[in-house]
Amino acid sequence: MSPDLSVDVAVVGAGPAGAMVARELALRGAQVALIDRRHFPRGKVCGACLHPRALAALADAGLGELVPRAGGIPLVRASIAARGRVLESALARPGAVLSREAFDLALLEAALAAGATGMFGEAARLEPAASGAARRALSVGARCIDASVVVAADGLGGGLLARADRIERAPRRNARLGLGALLPGDAADVPECEVRLSVGRSGYLGMARVEDGRIDVAAAVVPAALEALGPAGALAQIAAEAGAFELRNLDSVRWRGTPLLWREDAPAAGWRVFAVGDAAGYVEPFSGEGLSWALLGARALAPIAARPWSLERAREWERVRSDLLAPRQRACGRIAMLVRQPRLVALLAGASVYLPRATRVAVARAWGARAESAWAEGATA
Ligand SMILES: Cc1cc2nc3c(=O)[nH]c(=O)nc-3n(C[C@H](O)[C@H](O)[C@H](O)COP(=O)(O)OP(=O)(O)OC[C@H]3O[C@@H](n4cnc5c(N)ncnc54)[C@H](O)[C@@H]3O)c2cc1C
């Protein structure tokens with residue numbers, strides 16, 4: 001069957017990883033199809049916080065103005081509550097808060113402006129191919145796309161590469177589920193420019209006020225709590241367990257969910273396929289760095305995917321990706337394990353009144369926070 005479209009690279013998923021790699025490839029002169037099953041703007045479960053590393057990756061790509069232009073708000077403070085104690089900390093390097101609707105749309109527009117061809121509203125499926133095949137074929141609805149190389153940027157729930165090449169991905173036994181929404185502005189007391197995190201036995205949640213005044217809430221929830229209490233009940237429960245940042249009026253909220261927040265043995269490459277962003281590996285999101293990994297990974301992949309395909313290219317990408325991201329992802333995995341123990345977090349919090357330097361180091365590991373951290377016993381918003 002002759003293809004409806006023949007390109008150098010087909011990028012599946014137009015989230016931050018896909019849009020960035022499509023833009024970089026198009027700027028290098030490649031013919032790129034950028035495919036997403038959704039139409040944009042579209043929401044996504046995410047804390048909507050851009051780490052300084054994500055902002056630096058955008059600036060390095062010549063997109064330093066993208067976040068401010070889209071309405072991004074500087075992020076200068078973080079507060080973490082556990083068992084009635086609150087750690088407040090100024091961030092040494094500001095990040096930004098921007099809804100995923102606005103951020104992903106702005107980045108997608110940048111990719112299209114660079115020359116990528118967008119195809120939206122239908123899921124792509126990778127057709128199986130024997131090792132040695134000269135091209136890869138994708139079905140997108142009734143259309144057939146043929147590409148020299150495919151980039152799987154289809155996120156945590158995508159599984160394009162895993163499904164096509166029959167690679168099993170085993171979820172961790174105690175993995176949590178992602179849950180999120182944009183809440184009305186009066187659903188919680190969240191000052192602009194600050195992220196507020198609550199850690200409880202039922203999971204953890206983060207809240208930040210986005211550009212239109214609404215509050216982005218994103219959580220990693222113990223599946224049993226979600227099953228027993230429903231989305232609003234589970235989030236109210238986490239807030240109550242953390243004992244500081246109350247949530248109100250959650251009755252008519254439209255919730256979004258995710259699959260289990262874990263991937264082991266996620267492959268970074270298959271035959272003529274590179275995976276990037278959440279599609280290539282995932283760590284629970286407590287430290288808010290998934291977007292920076294997606295952007296940094298996409299920028300590192302582009303020069304590799306732009307060269308003629310060979311198995312050496314696949315090995316090169318696995319090496320580059322691992323050197324770039326694995327140490328930081330391991331550190332974030334350890335932080336995610338720590339916040340599974342709110343008692344331990346609260347204990348550290350108590351100790352940090354006497355050991356403020358230890359607190360500084362711990363928070364700085366996550367977000368580069370500065371000296372004046374303080375735990376306030378029983379503090380509230
Ligand atoms: C609770 C929670 C809070 C988080 N908070 C933060 C935070 O504050 N800061 C941060 O940096 N990161 C955070 N993250 C992580 C961040 O959301 C992800 O790391 C980031 O979205 C990864 O980008 P991506 O482009 O790889 O995937 P995605 O953003 O998921 O994009 C994948 C795209 O692929 C499309 N797609 C999937 N399958 C197909 C298909 N078959 N065909 C066509 N299209 C397809 C989807 O529609 C989607 O648009 C959080 C995550 C969770 C779950």
# chains A, B, ... in the order shown; residues from 1 in each chain; ligands from 1
>>> select_by_dssp(residues="segment 39-175 of chain A", states="strand (DSSP E or B)", output="VMD selection string")
chain A and resid 49 to 50 73 to 82 85 to 97 117 to 120 124 to 126 136 to 140 143 to 152
>>> residues_near_ligand(ligand="ligand 1", cutoff="7 Å", atoms="only C-alpha atoms and all ligand atoms", output="PyMOL selection string")
chain A and resi 12-18+35-38+44-51+122-125+153-158+160+178-180+218-220+258+261+276-279+285-286+288-292+294
>>> closest_atom_pairs(of="segment 142-238 of chain A", to="segment 58-70 of chain A", cutoff="12 Å", atoms="only C-alpha atoms", output="CSV")
residue,atom,partner,partner_atom,distance
A:Val210,CA,A:Ala70,CA,11.0
A:Glu211,CA,A:Ala70,CA,8.5
A:Asp212,CA,A:Ala70,CA,11.0
>>> write_last_selection(atoms="N, CA and C atoms", output="compact mmCIF listing (two decimals), in the first residue's frame")
# COMPACT_ATOMS: atom_id res chain seq x y z
N VAL A 210 -2.20 29.47 38.45
CA VAL A 210 -1.74 29.66 37.07
C VAL A 210 -2.16 31.02 36.53
N GLU A 211 -1.87 31.25 35.25
CA GLU A 211 -1.96 32.59 34.66
C GLU A 211 -3.37 33.19 34.69
N ASP A 212 -4.42 32.38 34.69
CA ASP A 212 -5.78 32.96 34.70
C ASP A 212 -6.40 32.99 36.10
>>> closest_residue(among="A:Leu177, A:Val273, A:Val199, A:Val217", to="Trp309 of chain A", atoms="only C-alpha atoms")
A:Val273
>>> atom_distance(atom1="atom CA of Arg328 of chain A", atom2="atom CA of Trp293 of chain A")
9.2 Å
>>> atom_distance(atom1="atom CA of Ala102 of chain A", atom2="atom CA of Val21 of chain A")
18.5 Å
>>> select_by_dssp(residues="segment 204-266 of chain A", states="alpha helix (DSSP H)", output="VMD selection string")
chain A and resid 223 to 242
>>> closest_residue(among="A:Arg42, A:Arg100, A:Arg28, A:Arg176", to="Leu260 of chain A", atoms="only C-alpha atoms")
A:Arg176
>>> residues_around(residues="Glu316 of chain A", least_positions_apart="3", cutoff="12 Å", atoms="only C-alpha atoms", output="JSON, numbers by chain")
{"A": [268, 269, 274, 300, 301, 303, 304, 305, 307, 309, 310, 311, 312, 313, 319, 320, 321, 322, 323]}
>>> residues_around(residues="segment 135-138 of chain A", least_positions_apart="3", cutoff="6 Å", atoms="only C-alpha atoms", output="PyMOL selection string")
chain A and resi 125-127+144-148
